[in-house]
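**Student:** Dropping in start_18.pdb, which is PDB, C-alpha atoms:
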ATOM      1  CA  MET Z 118      33.119  -3.902  33.500
ATOM      2  CA  THR Z 119      35.856  -6.063  34.999
ATOM      3  CA  VAL Z 120      38.837  -7.577  33.165
ATOM      4  CA  ALA Z 121      37.266 -10.996  33.641
ATOM      5  CA  GLU Z 122      34.075  -9.808  31.959
ATOM      6  CA  VAL Z 123      35.976  -8.319  29.024
ATOM      7  CA  ASP Z 124      37.984 -11.524  28.566
ATOM      8  CA  ARG Z 125      34.930 -13.771  28.744
ATOM      9  CA  PRO Z 126      33.757 -14.636  25.242
ATOM     10  CA  GLN Z 127      30.199 -13.636  24.447
ATOM     11  CA  GLU Z 128      27.795 -16.529  24.735
ATOM     12  CA  SER Z 129      26.143 -17.631  21.530
ATOM     13  CA  ASP Z 130      22.419 -17.218  20.990
ATOM     14  CA  PHE Z 131      22.094 -20.992  21.074
ATOM     15  CA  GLU Z 132      23.773 -21.203  24.480
ATOM     16  CA  LEU Z 133      21.549 -18.425  25.793
ATOM     17  CA  ALA Z 134      18.459 -20.120  24.347
ATOM     18  CA  LYS Z 135      19.323 -23.392  26.092
ATOM     19  CA  LYS Z 136      19.813 -21.607  29.398
ATOM     20  CA  ALA Z 137      16.629 -19.552  28.934
ATOM     21  CA  ALA Z 138      14.695 -22.747  28.203
ATOM     22  CA  ALA Z 139      16.010 -24.144  31.485
ATOM     23  CA  GLY Z 140      14.571 -21.128  33.291
ATOM     24  CA  ASP Z 141      17.522 -18.722  33.385
ATOM     25  CA  GLY Z 142      15.900 -15.292  33.273
ATOM     26  CA  LYS Z 143      19.180 -13.458  32.682
ATOM     27  CA  SER Z 144      19.800 -15.422  29.503
ATOM     28  CA  PHE Z 145      16.311 -14.627  28.252
ATOM     29  CA  GLU Z 146      16.887 -10.958  29.025
ATOM     30  CA  GLU Z 147      20.152 -11.065  27.062
ATOM     31  CA  LEU Z 148      18.314 -12.564  24.073
ATOM     32  CA  TYR Z 149      15.749  -9.780  24.311
ATOM     33  CA  ARG Z 150      18.421  -7.062  24.440
ATOM     34  CA  ARG Z 151      20.284  -8.547  21.487
ATOM     35  CA  HIS Z 152      17.247  -8.965  19.263
ATOM     36  CA  TYR Z 153      14.414  -6.639  20.239
ATOM     37  CA  ARG Z 154      15.429  -4.020  17.648
ATOM     38  CA  ARG Z 155      15.393  -6.565  14.859
ATOM     39  CA  VAL Z 156      11.962  -7.849  15.939
ATOM     40  CA  TYR Z 157      10.530  -4.347  16.317
ATOM     41  CA  ALA Z 158      11.857  -3.262  12.905
ATOM     42  CA  LEU Z 159      10.222  -6.248  11.224
ATOM     43  CA  THR Z 160       6.874  -5.856  12.990
ATOM     44  CA  LEU Z 161       6.877  -2.142  12.193
ATOM     45  CA  ARG Z 162       7.462  -2.812   8.499
ATOM     46  CA  MET Z 163       4.723  -5.419   8.402
ATOM     47  CA  MET Z 164       2.165  -3.545  10.476
ATOM     48  CA  GLY Z 165       2.952   0.057   9.587
ATOM     49  CA  ASN Z 166       1.986   1.364  13.034
ATOM     50  CA  PRO Z 167       4.511   1.971  15.858
ATOM     51  CA  THR Z 168       2.060   1.275  18.698
ATOM     52  CA  GLU Z 169       0.877  -1.986  17.161
ATOM     53  CA  ALA Z 170       4.481  -2.913  16.384
ATOM     54  CA  GLU Z 171       5.474  -2.360  20.004
ATOM     55  CA  ASP Z 172       2.619  -4.548  21.249
ATOM     56  CA  MET Z 173       3.511  -7.179  18.680
ATOM     57  CA  THR Z 174       7.186  -7.106  19.718
ATOM     58  CA  GLN Z 175       6.045  -7.846  23.234
ATOM     59  CA  ASP Z 176       3.861 -10.715  21.982
ATOM     60  CA  VAL Z 177       6.763 -12.144  19.986
ATOM     61  CA  PHE Z 178       9.023 -12.209  23.031
ATOM     62  CA  LEU Z 179       6.271 -13.772  25.128
ATOM     63  CA  GLN Z 180       6.005 -16.428  22.438
ATOM     64  CA  LEU Z 181       9.777 -16.777  22.490
ATOM     65  CA  PHE Z 182       9.723 -17.178  26.266
ATOM     66  CA  ASN Z 183       7.312 -20.091  25.905
ATOM     67  CA  LYS Z 184       8.961 -21.710  22.893
ATOM     68  CA  VAL Z 185      12.668 -21.004  23.228
ATOM     69  CA  GLY Z 186      13.245 -24.647  24.165
ATOM     70  CA  MET Z 187      12.135 -25.617  20.654
ATOM     71  CA  PHE Z 188      15.170 -23.906  19.130
ATOM     72  CA  ARG Z 189      17.596 -26.710  18.292
ATOM     73  CA  GLY Z 190      20.342 -24.656  16.716
ATOM     74  CA  GLU Z 191      19.729 -26.134  13.254
ATOM     75  CA  SER Z 192      19.499 -22.650  11.750
ATOM     76  CA  ALA Z 193      20.756 -19.281  12.962
ATOM     77  CA  PHE Z 194      18.776 -18.035  15.942
ATOM     78  CA  THR Z 195      18.042 -14.810  14.065
ATOM     79  CA  THR Z 196      16.493 -16.779  11.183
ATOM     80  CA  TRP Z 197      14.368 -18.801  13.588
ATOM     81  CA  LEU Z 198      13.240 -15.693  15.476
ATOM     82  CA  HIS Z 199      12.548 -13.869  12.209
ATOM     83  CA  ARG Z 200      10.239 -16.662  11.099
ATOM     84  CA  MET Z 201       8.522 -16.739  14.478
ATOM     85  CA  THR Z 202       7.937 -12.982  14.219
ATOM     86  CA  VAL Z 203       6.490 -13.214  10.714
ATOM     87  CA  ASN Z 204       4.174 -16.025  11.806
ATOM     88  CA  GLN Z 205       3.031 -14.089  14.857
ATOM     89  CA  VAL Z 206       2.179 -11.020  12.762
ATOM     90  CA  LEU Z 207       0.352 -13.121  10.181
ATOM     91  CA  MET Z 208      -1.649 -14.805  12.944
ATOM     92  CA  HIS Z 209      -2.578 -11.354  14.228
ATOM     93  CA  PHE Z 210      -3.746 -10.314  10.748
ATOM     94  CA  ARG Z 211      -5.827 -13.481  10.454
ATOM     95  CA  LYS Z 212      -7.521 -12.769  13.768
ATOM     96  CA  LYS Z 213      -8.274  -9.211  12.706
ATOM     97  CA  SER Z 214      -9.797  -9.993   9.364
ATOM     98  CA  THR Z 215     -11.056 -12.844   7.267
ATOM     99  CA  ARG Z 216      -8.647 -14.398   4.835
ATOM    100  CA  SER Z 217     -10.458 -12.891   1.861
ATOM    101  CA  GLU Z 218     -10.157  -9.406   3.294
ATOM    102  CA  LEU Z 219      -6.484  -9.920   3.894
ATOM    103  CA  LEU Z 220      -5.525 -11.382   0.597
ATOM    104  CA  THR Z 221      -7.735  -9.944  -2.076
ATOM    105  CA  ASP Z 222      -8.165  -6.436  -3.265
ATOM    106  CA  GLU Z 223     -11.940  -6.429  -2.916
ATOM    107  CA  GLY Z 224     -13.118  -3.034  -1.944
ATOM    108  CA  GLU Z 225      -9.767  -1.433  -2.479
ATOM    109  CA  THR Z 226      -9.244   1.580  -4.639
ATOM    110  CA  PRO Z 227      -8.444   0.488  -8.177
ATOM    111  CA  ILE Z 228      -4.858   1.144  -9.131
ATOM    112  CA  GLN Z 229      -4.518   3.992 -11.548
ATOM    113  CA  ILE Z 230      -1.566   3.666 -13.832
ATOM    114  CA  VAL Z 231      -0.359   7.221 -13.769
ATOM    115  CA  LYS Z 232       1.664   8.004 -16.789
ATOM    116  CA  GLY Z 233       3.243  11.262 -17.775
ATOM    117  CA  THR Z 234       6.949  10.686 -17.723
ATOM    118  CA  GLU Z 235       7.438  12.987 -20.670
ATOM    119  CA  ASN Z 236       8.801  15.626 -18.338
ATOM    120  CA  PRO Z 237      11.255  13.970 -15.934
ATOM    121  CA  GLY Z 238      11.311  17.138 -13.837
ATOM    122  CA  THR Z 239       7.785  16.373 -12.625
ATOM    123  CA  MET Z 240       8.641  12.851 -11.419
ATOM    124  CA  PRO Z 241       8.314  12.507  -7.647
ATOM    125  CA  VAL Z 242      11.311  11.375  -5.698
ATOM    126  CA  ILE Z 243      11.105   7.744  -4.667
ATOM    127  CA  ASP Z 244      13.194   7.439  -1.550
ATOM    128  CA  ARG Z 245      13.009   5.586   1.719
ATOM    129  CA  ILE Z 246      10.904   8.247   3.418
ATOM    130  CA  SER Z 247       8.297   8.452   0.675
ATOM    131  CA  LEU Z 248       8.207   4.668   0.359
ATOM    132  CA  GLU Z 249       7.752   4.137   4.107
ATOM    133  CA  LYS Z 250       4.935   6.667   4.131
ATOM    134  CA  ALA Z 251       3.234   5.002   1.172
ATOM    135  CA  LEU Z 252       3.732   1.590   2.740
ATOM    136  CA  ARG Z 253       1.767   2.682   5.795
ATOM    137  CA  GLN Z 254      -1.183   3.498   3.534
ATOM    138  CA  LEU Z 255      -1.056   0.245   1.610
ATOM    139  CA  PRO Z 256      -3.911  -2.230   2.238
ATOM    140  CA  PRO Z 257      -2.699  -4.957   4.649
ATOM    141  CA  GLY Z 258      -2.805  -7.777   2.090
ATOM    142  CA  TYR Z 259      -0.592  -5.884  -0.344
ATOM    143  CA  ARG Z 260       1.716  -4.696   2.419
ATOM    144  CA  THR Z 261       2.259  -8.220   3.760
ATOM    145  CA  VAL Z 262       3.341  -9.644   0.419
ATOM    146  CA  PHE Z 263       5.449  -6.598  -0.473
ATOM    147  CA  VAL Z 264       7.285  -6.602   2.872
ATOM    148  CA  LEU Z 265       7.851 -10.358   2.839
ATOM    149  CA  HIS Z 266       9.162 -10.371  -0.736
ATOM    150  CA  ASP Z 267      10.793  -7.044  -1.498
ATOM    151  CA  VAL Z 268      11.990  -6.066   1.968
ATOM    152  CA  GLU Z 269      12.576  -9.361   3.770
ATOM    153  CA  GLY Z 270      13.633 -11.332   0.716
ATOM    154  CA  TYR Z 271      11.292 -14.327   0.921
ATOM    155  CA  GLU Z 272      10.606 -16.192  -2.324
ATOM    156  CA  HIS Z 273       7.077 -16.544  -3.690
ATOM    157  CA  TYR Z 274       6.924 -20.256  -2.851
ATOM    158  CA  GLU Z 275       7.760 -19.428   0.794
ATOM    159  CA  ILE Z 276       5.137 -16.663   0.937
ATOM    160  CA  SER Z 277       2.670 -19.042  -0.652
ATOM    161  CA  GLY Z 278       3.303 -21.501   2.194
ATOM    162  CA  MET Z 279       3.142 -18.859   4.921
ATOM    163  CA  LEU Z 280      -0.074 -17.269   3.725
ATOM    164  CA  GLY Z 281      -1.762 -20.376   2.328
ATOM    165  CA  ILE Z 282      -2.174 -18.853  -1.125
ATOM    166  CA  ALA Z 283      -1.108 -19.911  -4.608
ATOM    167  CA  GLU Z 284       2.305 -18.755  -5.805
ATOM    168  CA  GLY Z 285       0.590 -16.953  -8.671
ATOM    169  CA  THR Z 286      -1.535 -15.016  -6.194
ATOM    170  CA  SER Z 287       1.601 -13.958  -4.329
ATOM    171  CA  LYS Z 288       3.161 -12.718  -7.586
ATOM    172  CA  SER Z 289       0.011 -10.894  -8.589
ATOM    173  CA  GLN Z 290      -0.383  -9.265  -5.139
ATOM    174  CA  LEU Z 291       3.247  -8.156  -5.217
ATOM    175  CA  HIS Z 292       2.882  -6.525  -8.610
ATOM    176  CA  LYS Z 293      -0.318  -4.747  -7.557
ATOM    177  CA  ALA Z 294       1.394  -3.627  -4.349
ATOM    178  CA  ARG Z 295       4.292  -2.074  -6.278
ATOM    179  CA  LEU Z 296       1.920  -0.268  -8.639
ATOM    180  CA  LYS Z 297      -0.183   0.955  -5.730
ATOM    181  CA  LEU Z 298       2.933   2.222  -3.943
ATOM    182  CA  ARG Z 299       3.947   4.111  -7.047
ATOM    183  CA  GLN Z 300       0.502   5.661  -7.225
ATOM    184  CA  LEU Z 301       0.601   6.639  -3.533
ATOM    185  CA  ILE Z 302       4.067   8.181  -3.858
ATOM    186  CA  ARG Z 303       2.885  10.236  -6.814
ATOM    187  CA  GLU Z 304      -0.177  11.383  -4.888
ATOM    188  CA  GLN Z 305       2.030  12.385  -1.940
ATOM    189  CA  ALA Z 306       4.220  14.422  -4.280
ATOM    190  CA  ALA Z 307       1.217  16.051  -5.955
ATOM    191  CA  SER Z 308      -0.274  17.127  -2.617
ATOM    192  CA  LYS Z 309       2.901  18.948  -1.531
TER     193      LYS Z 309
ATOM    194  CA  MET M 169      -3.805  -2.328 -25.235
ATOM    195  CA  ASP M 170      -0.067  -2.912 -25.507
ATOM    196  CA  CYS M 171       0.503  -0.556 -22.583
ATOM    197  CA  ALA M 172      -1.910  -2.427 -20.305
ATOM    198  CA  LYS M 173      -0.367  -5.773 -21.186
ATOM    199  CA  SER M 174       3.137  -4.426 -20.811
ATOM    200  CA  ILE M 175       2.452  -2.935 -17.387
ATOM    201  CA  GLU M 176       0.848  -6.161 -16.208
ATOM    202  CA  LEU M 177       4.042  -8.033 -17.080
ATOM    203  CA  LEU M 178       6.603  -5.614 -15.641
ATOM    204  CA  SER M 179       7.284  -7.362 -12.318
ATOM    205  CA  GLU M 180       7.680 -10.751 -13.992
ATOM    206  CA  TYR M 181       9.854  -9.126 -16.652
ATOM    207  CA  SER M 182      12.028  -7.614 -13.981
ATOM    208  CA  ALA M 183      12.282 -10.977 -12.185
ATOM    209  CA  GLY M 184      13.310 -12.668 -15.429
ATOM    210  CA  SER M 185      10.473 -15.166 -15.173
ATOM    211  CA  LEU M 186       8.679 -14.456 -18.455
ATOM    212  CA  GLY M 187       8.751 -16.680 -21.502
ATOM    213  CA  ASP M 188      10.770 -15.607 -24.548
ATOM    214  CA  ASP M 189       7.797 -14.194 -26.468
ATOM    215  CA  ASP M 190       6.693 -12.038 -23.558
ATOM    216  CA  ILE M 191      10.242 -10.823 -22.934
ATOM    217  CA  ILE M 192      10.514  -9.664 -26.544
ATOM    218  CA  PHE M 193       7.074  -8.073 -26.338
ATOM    219  CA  VAL M 194       7.873  -6.080 -23.176
ATOM    220  CA  LYS M 195      11.372  -5.125 -24.291
ATOM    221  CA  THR M 196      10.102  -3.869 -27.657
ATOM    222  CA  HIS M 197       7.249  -1.992 -26.044
ATOM    223  CA  LEU M 198       9.459  -0.290 -23.446
ATOM    224  CA  THR M 199      11.811   0.886 -26.168
ATOM    225  CA  ALA M 200       8.903   2.497 -28.009
ATOM    226  CA  CYS M 201       6.813   3.775 -25.086
ATOM    227  CA  ALA M 202       8.397   6.330 -22.750
ATOM    228  CA  ASP M 203       5.392   6.247 -20.397
ATOM    229  CA  CYS M 204       5.584   2.520 -19.744
ATOM    230  CA  ASP M 205       9.353   2.719 -19.504
ATOM    231  CA  GLY M 206       8.848   5.420 -16.847
ATOM    232  CA  VAL M 207       6.572   3.064 -14.881
ATOM    233  CA  PHE M 208       9.216   0.335 -15.212
ATOM    234  CA  GLN M 209      11.976   2.632 -13.919
ATOM    235  CA  ASP M 210       9.786   3.678 -10.970
ATOM    236  CA  LEU M 211       9.055   0.064 -10.056
ATOM    237  CA  LYS M 212      12.761  -0.771 -10.192
ATOM    238  CA  LEU M 213      13.457   2.140  -7.868
ATOM    239  CA  ILE M 214      10.735   1.012  -5.462
ATOM    240  CA  VAL M 215      12.287  -2.478  -5.344
ATOM    241  CA  GLN M 216      15.795  -1.051  -4.768
ATOM    242  CA  THR M 217      14.517   1.247  -2.025
ATOM    243  CA  ALA M 218      12.625  -1.625  -0.379
ATOM    244  CA  LEU M 219      15.825  -3.645  -0.262
ATOM    245  CA  ALA M 220      17.566  -0.776   1.516
ATOM    246  CA  MET M 221      14.740  -0.741   4.074
ATOM    247  CA  ARG M 222      15.887  -4.139   5.337
ATOM    248  CA  SER M 223      18.552  -2.281   7.244
ATOM    249  CA  GLU M 224      17.368  -1.351  10.714
ATOM    250  CA  ASN M 225      18.817   2.151  10.553
ATOM    251  CA  GLY M 226      16.581   5.181  10.622
ATOM    252  CA  ILE M 227      13.900   3.613  12.816
ATOM    253  CA  ALA M 228      12.679   5.290  16.014
ATOM    254  CA  TYR M 229      12.857   2.359  18.418
ATOM    255  CA  PRO M 230      10.788   2.168  21.581
ATOM    256  CA  ASP M 231      12.709   2.516  24.826
ATOM    257  CA  GLU M 232      14.528  -0.739  25.524
ATOM    258  CA  GLU M 233      13.996  -0.607  29.283
ATOM    259  CA  ILE M 234      10.316   0.311  29.178
ATOM    260  CA  LEU M 235       9.607  -2.460  26.711
ATOM    261  CA  TRP M 236      11.563  -4.922  28.850
ATOM    262  CA  GLN M 237       9.584  -3.905  31.942
ATOM    263  CA  ARG M 238       6.305  -4.352  30.083
ATOM    264  CA  LEU M 239       7.462  -7.732  28.887
ATOM    265  CA  SER M 240       8.558  -8.792  32.370
ATOM    266  CA  ALA M 241       5.218  -7.700  33.810
ATOM    267  CA  SER M 242       3.244  -9.640  31.222
ATOM    268  CA  ARG M 243       5.381 -12.722  31.766
ATOM    269  CA  ILE M 244       4.356 -12.621  35.412
ATOM    270  CA  VAL M 245       0.711 -12.144  34.466
ATOM    271  CA  HIS M 246       0.852 -15.048  32.010
TER     272      HIS M 246
END
Would you kindly transcribe this structure into structure tokens?

**Tutor:**
Amino acid sequence: MTVAEVDRPQESDFELAKKAAAGDGKSFEELYRRHYRRVYALTLRMMGNPTEAEDMTQDVFLQLFNKVGMFRGESAFTTWLHRMTVNQVLMHFRKKSTRSELLTDEGETPIQIVKGTENPGTMPVIDRISLEKALRQLPPGYRTVFVLHDVEGYEHYEISGMLGIAEGTSKSQLHKARLKLRQLIREQAASK
Amino acid sequence: MDCAKSIELLSEYSAGSLGDDDIIFVKTHLTACADCDGVFQDLKLIVQTALAMRSENGIAYPDEEILWQRLSASRIVH
């Protein structure tokens, strides 16, 4: 790296986006290198499968390549890209299954409320590893709402808009998702 | 009966979005029922852990270069 390169201030995402929209491949590559980890992490959380997440990351950047000119700098680029990623994953889910399969718990294992906290020593550890493992086993409809709300921090009214469901349905799905995760974590602990 | 109702309300209780009567109901029940309180504590822990997952640490990322090459190739194809 030369002195000139060190002294040169880093271009903003907005500047890179404008250049990329005008056909500058280097600027698009820089956007990819800055943000691919963020996009991959989000797709992995939503999809639960590394191979699918990798394919989806590629799809998101293809989408970005085609739509980067639509970014006007009104919000942070990361926020805009985050939303684009969520939408792309949701579109993928819609293609894979009907809306009812995605958003209801028809056919899913009923949630068992496992009690038995009398002896705290028998309580399984709820940590990131056990939660990630349980999340991978969660039905897609539950996982989507849980990831959007509890991990990504979207409000129910936003999830309602994204998924085309009532706010009450989003709340109910979230609660069922948390209970199901608890059940899965307990089952993991019991099988050890 | 109280347990089922209490458990159904736990997420809303935690979010602070219940009406006064339901808040009193859940609070009273959790004080008296160790099992339901255990479920409540677990759910709180799940929510806290989920929040920590927002960080991108601890993820095995695909190779940056390989992914970029795949992306470049598909851009040409498309």

**Student:** Residues of chain Z within 9 Å of chain M, using all atoms listed in the file, as number ranges by chain?

**Tutor:** Z: 146, 149-150, 153-155, 157-159, 162, 167, 171, 174-176, 178-179, 182, 230-235, 237, 243-245, 248-249, 263-264, 267-270, 288-289, 291-293, 295-296, 298-299

**Student:** So that I have them on file, write out the residues from the current selection with C-alpha atoms, as a PDB file, in the frame of the given file.

**Tutor:**
ATOM      1  CA  GLU Z 146      16.887 -10.958  29.025  1.00  0.00           C
ATOM      2  CA  TYR Z 149      15.749  -9.780  24.311  1.00  0.00           C
ATOM      3  CA  ARG Z 150      18.421  -7.062  24.440  1.00  0.00           C
ATOM      4  CA  TYR Z 153      14.414  -6.639  20.239  1.00  0.00           C
ATOM      5  CA  ARG Z 154      15.429  -4.020  17.648  1.00  0.00           C
ATOM      6  CA  ARG Z 155      15.393  -6.565  14.859  1.00  0.00           C
ATOM      7  CA  TYR Z 157      10.530  -4.347  16.317  1.00  0.00           C
ATOM      8  CA  ALA Z 158      11.857  -3.262  12.905  1.00  0.00           C
ATOM      9  CA  LEU Z 159      10.222  -6.248  11.224  1.00  0.00           C
ATOM     10  CA  ARG Z 162       7.462  -2.812   8.499  1.00  0.00           C
ATOM     11  CA  PRO Z 167       4.511   1.971  15.858  1.00  0.00           C
ATOM     12  CA  GLU Z 171       5.474  -2.360  20.004  1.00  0.00           C
ATOM     13  CA  THR Z 174       7.186  -7.106  19.718  1.00  0.00           C
ATOM     14  CA  GLN Z 175       6.045  -7.846  23.234  1.00  0.00           C
ATOM     15  CA  ASP Z 176       3.861 -10.715  21.982  1.00  0.00           C
ATOM     16  CA  PHE Z 178       9.023 -12.209  23.031  1.00  0.00           C
ATOM     17  CA  LEU Z 179       6.271 -13.772  25.128  1.00  0.00           C
ATOM     18  CA  PHE Z 182       9.723 -17.178  26.266  1.00  0.00           C
ATOM     19  CA  ILE Z 230      -1.566   3.666 -13.832  1.00  0.00           C
ATOM     20  CA  VAL Z 231      -0.359   7.221 -13.769  1.00  0.00           C
ATOM     21  CA  LYS Z 232       1.664   8.004 -16.789  1.00  0.00           C
ATOM     22  CA  GLY Z 233       3.243  11.262 -17.775  1.00  0.00           C
ATOM     23  CA  THR Z 234       6.949  10.686 -17.723  1.00  0.00           C
ATOM     24  CA  GLU Z 235       7.438  12.987 -20.670  1.00  0.00           C
ATOM     25  CA  PRO Z 237      11.255  13.970 -15.934  1.00  0.00           C
ATOM     26  CA  ILE Z 243      11.105   7.744  -4.667  1.00  0.00           C
ATOM     27  CA  ASP Z 244      13.194   7.439  -1.550  1.00  0.00           C
ATOM     28  CA  ARG Z 245      13.009   5.586   1.719  1.00  0.00           C
ATOM     29  CA  LEU Z 248       8.207   4.668   0.359  1.00  0.00           C
ATOM     30  CA  GLU Z 249       7.752   4.137   4.107  1.00  0.00           C
ATOM     31  CA  PHE Z 263       5.449  -6.598  -0.473  1.00  0.00           C
ATOM     32  CA  VAL Z 264       7.285  -6.602   2.872  1.00  0.00           C
ATOM     33  CA  ASP Z 267      10.793  -7.044  -1.498  1.00  0.00           C
ATOM     34  CA  VAL Z 268      11.990  -6.066   1.968  1.00  0.00           C
ATOM     35  CA  GLU Z 269      12.576  -9.361   3.770  1.00  0.00           C
ATOM     36  CA  GLY Z 270      13.633 -11.332   0.716  1.00  0.00           C
ATOM     37  CA  LYS Z 288       3.161 -12.718  -7.586  1.00  0.00           C
ATOM     38  CA  SER Z 289       0.011 -10.894  -8.589  1.00  0.00           C
ATOM     39  CA  LEU Z 291       3.247  -8.156  -5.217  1.00  0.00           C
ATOM     40  CA  HIS Z 292       2.882  -6.525  -8.610  1.00  0.00           C
ATOM     41  CA  LYS Z 293      -0.318  -4.747  -7.557  1.00  0.00           C
ATOM     42  CA  ARG Z 295       4.292  -2.074  -6.278  1.00  0.00           C
ATOM     43  CA  LEU Z 296       1.920  -0.268  -8.639  1.00  0.00           C
ATOM     44  CA  LEU Z 298       2.933   2.222  -3.943  1.00  0.00           C
ATOM     45  CA  ARG Z 299       3.947   4.111  -7.047  1.00  0.00           C
TER      46      ARG Z 299
END

**Student:** Just checking: using only C-alpha atoms, which residue out of Z:Met208, Z:Ala251, Z:Val156, Z:Met279 ends up closest to Thr196 in chain Z?

**Tutor:**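 Looking at the shortest contact to Thr196 in chain Z, the residue is Z:Val156.
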
**Student:** Grab the CA of His152 in chain Z to CA of Leu280 in chain Z distance for me, in Å with one decimal place.

**Tutor:**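 Taking CA of His152 in chain Z as the start and CA of Leu280 in chain Z as the end point, the length is 24.7 Å.
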
**Student:** Counting all atoms listed in the file, what is within 10 Å of Leu301 in chain Z, bar same-chain residues fewer than 4 positions away, as a list in words?

**Tutor:** Ile228, Gln229, Ser247, Leu248, Lys250, Ala251, Leu252, Gln254, Leu255, Arg295, Leu296, Lys297, Gln305, Ala306 and Ala307 of chain Z

**Student:** Evaluating the PyMOL selection byres ((chain Z and resi 205) around 10) on the displayed file yields which residues, as an MDAnalysis selection string?

**Tutor:** chainID Z and resid 160 173:174 176:177 180 199:204 206:211

**Student:** Provide the CA of Ser182 in chain M to CA of Gly258 in chain Z distance in Å, to one decimal place.

**Tutor:**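 Going from CA of Ser182 in chain M over to CA of Gly258 in chain Z covers 21.9 Å.
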
**Student:** To one decimal in Å, tell me the separation between CA of Phe131 in chain Z and CA of Arg151 in chain Z.

**Tutor:**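 So the two atoms, CA of Phe131 in chain Z and CA of Arg151 in chain Z, lie 12.6 Å apart.
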
**Student:** Within 9 Å of Asp170 in chain M, counting only C-alpha atoms, which residues show up once you throw out same-chain ones fewer than 6 positions away? Write them as a list of chain:residue names, please.

**Tutor:** M:Phe193, M:Val194, M:His197
